[in-house]
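Working notes for the structure below.
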Amino acid sequence: MTYRPQKIPQLFRQFATSTKISPKEARENITRDRFLRVDHAGEVGADRIYAGQMAVLGKSNVGSVIQHMWDQEKEHRKKFDELLPKYRARPTVMLPIWNVAGFALGAGSALLGPKMAMACTAAVETVITDHYNDQIRELMTNPEENGELLKVISKFRDEEMEHHDTAILHKAEEAPLYQVFAQAVKIGCKGAIWISERI
């Protein structure tokens with residue numbers, strides 16, 4: 001076969017052209033990467049919160065309720081585990097900390113009793129529901145391109161709302177110092193979201 005050096009620049013140009021994206025596409029990729037990173041982190045944290053609650057309250061009368069919510073969070077985490085590599089998004093570097101902090105929050109609230117565990121759940125799920133709603137509004141600016149994420153996040157948002165309502169039904173608001181505790185948890189969750197979106 002005869003060596004044809006003129007083909008090399010041509011192949012390079014084809015590759016370079018095929019990998020160029022518009023500024024709009026670049027912005028959408030950055031947004032998607034940020035959404036996936038923080039959502040994955042949130043679901044890891046939620047998974048560990050319920051693991052901590054189950055370690056303490058698994059054999060109590062609310063054990064089956066916590067287990068049901070935990071099972072759904074495991075599915076959420078699994079889905080984001082799949083979506084990260086699919087969209088070439090990286091997880092947050094904070095995952096090891098969120099693993100420990102989530103379990104500590106779950107177990108710590110559960111040690112204070114079932115009502116306090118439910119107060120923790122209600123506070124966390126309020127923040128997560130609001131966060132998912134914000135993402136849905138942003139993704140709706142290009143629903144065709146973001147169809148898969150919209151479907152996933154909308155479904156998970158509905159299930160997080162269900163967890164919040166379940167916690168309220170199980171007397172979350174009767175927990176001692178509910179408003180103070182819930183506010184502290186919400187501030188912590190919002191801080192974790194802010195950090196996870198960026199690193």
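In the structure tokens, chains take letters A, B, ... by order of appearance, with residues numbered from 1 within each chain and ligands from 1 in the order shown.
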
What are the nearest atom pairs, with distances in Å to one decimal, for all residues of range 95-121 of chain A that come at most 7 Å from range 46-60 of chain A, using only C-alpha atoms, set out by chain and rising residue number as a tab-separated table?
```
residue	atom	partner	partner_atom	distance
A:Asn99	CA	A:Arg48	CA	6.1
A:Gly102	CA	A:Ile49	CA	4.6
A:Phe103	CA	A:Gly52	CA	4.6
A:Ala104	CA	A:Gly52	CA	6.6
A:Leu105	CA	A:Ile49	CA	6.1
A:Gly106	CA	A:Ile49	CA	4.0
A:Ala107	CA	A:Gly52	CA	4.1
A:Ala110	CA	A:Gln53	CA	5.3
A:Leu111	CA	A:Val56	CA	6.5
A:Ala117	CA	A:Gln53	CA	6.9
```

With C-alpha atoms kept, could you save the residues just selected as a compact mmCIF listing (two decimals), in the first residue's frame?
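File out.txt, as written:
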```
# COMPACT_ATOMS: atom_id res chain seq x y z
CA ASN A 99 -21.33 9.20 52.99
CA GLY A 102 -25.49 11.25 55.79
CA PHE A 103 -25.22 8.16 57.97
CA ALA A 104 -24.43 10.27 61.04
CA LEU A 105 -27.47 12.51 60.42
CA GLY A 106 -29.74 9.52 59.89
CA ALA A 107 -28.54 7.56 62.90
CA ALA A 110 -33.15 8.21 64.86
CA LEU A 111 -31.44 7.92 68.25
CA ALA A 117 -36.12 10.77 62.44
```

List every residue of range 91-148 of chain A that DSSP, applied to the backbone of this structure, assigns to helix (DSSP H, G or I), and report them as a ChimeraX atom specification.
/A:95-111,114-139,147-148

Take the residues from that selection and write them out as a CSV table (one decimal), in the first residue's frame, keeping C-alpha atoms.
```csv
chain,number,residue,atom,x,y,z
A,95,LEU,CA,-18.7,11.9,48.3
A,96,PRO,CA,-16.7,10.3,51.1
A,97,ILE,CA,-17.8,13.2,53.4
A,98,TRP,CA,-21.4,13.0,52.4
A,99,ASN,CA,-21.3,9.2,53.0
A,100,VAL,CA,-20.3,9.7,56.6
A,101,ALA,CA,-22.3,12.8,57.2
A,102,GLY,CA,-25.5,11.2,55.8
A,103,PHE,CA,-25.2,8.2,58.0
A,104,ALA,CA,-24.4,10.3,61.0
A,105,LEU,CA,-27.5,12.5,60.4
A,106,GLY,CA,-29.7,9.5,59.9
A,107,ALA,CA,-28.5,7.6,62.9
A,108,GLY,CA,-28.3,10.6,65.1
A,109,SER,CA,-31.9,11.8,64.4
A,110,ALA,CA,-33.1,8.2,64.9
A,111,LEU,CA,-31.4,7.9,68.3
A,114,PRO,CA,-39.0,8.1,65.5
A,115,LYS,CA,-40.5,11.6,65.5
A,116,MET,CA,-37.1,13.2,65.2
A,117,ALA,CA,-36.1,10.8,62.4
A,118,MET,CA,-39.3,11.8,60.6
A,119,ALA,CA,-38.5,15.5,61.2
A,120,CYS,CA,-35.1,14.9,59.6
A,121,THR,CA,-36.7,13.2,56.6
A,122,ALA,CA,-39.3,16.0,56.2
A,123,ALA,CA,-36.6,18.7,56.3
A,124,VAL,CA,-34.3,16.9,53.9
A,125,GLU,CA,-37.0,16.1,51.4
A,126,THR,CA,-38.3,19.7,51.4
A,127,VAL,CA,-35.0,20.9,50.3
A,128,ILE,CA,-34.5,18.2,47.7
A,129,THR,CA,-38.0,18.7,46.3
A,130,ASP,CA,-37.4,22.4,45.9
A,131,HIS,CA,-34.0,21.7,44.3
A,132,TYR,CA,-35.5,19.3,41.8
A,133,ASN,CA,-38.2,21.8,40.9
A,134,ASP,CA,-35.5,24.4,40.2
A,135,GLN,CA,-33.7,22.0,37.9
A,136,ILE,CA,-36.9,21.0,36.1
A,137,ARG,CA,-37.7,24.7,35.4
A,138,GLU,CA,-34.2,25.2,33.9
A,139,LEU,CA,-34.3,21.9,31.9
A,147,GLY,CA,-36.0,14.7,27.8
A,148,GLU,CA,-34.3,11.9,29.7
```

Which one is closest to Thr31 in chain A: A:Asn142, A:His76, A:Val180, A:Val65? Count only C-alpha atoms.
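With only C-alpha atoms as the atom set, the closest residue is A:Asn142.
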
Contacts of Lys78 in chain A at 9 Å or less, counting only C-alpha atoms, minus same-chain residues fewer than 5 places along, as a list in words?
His40, Glu43, Glu73 and Leu83 of chain A

I need the residue nearest Arg88 in chain A from this list: A:Ile193, A:Ala172, A:Leu36, A:Leu112. Use only C-alpha atoms for the distance.
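Once distances to Arg88 in chain A are computed over only C-alpha atoms, the minimum belongs to A:Leu36.
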
Distance CA of Arg77 in chain A-CA of Glu160 in chain A, one decimal place?
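Between CA of Arg77 in chain A and CA of Glu160 in chain A the gap works out to 12.8 Å.
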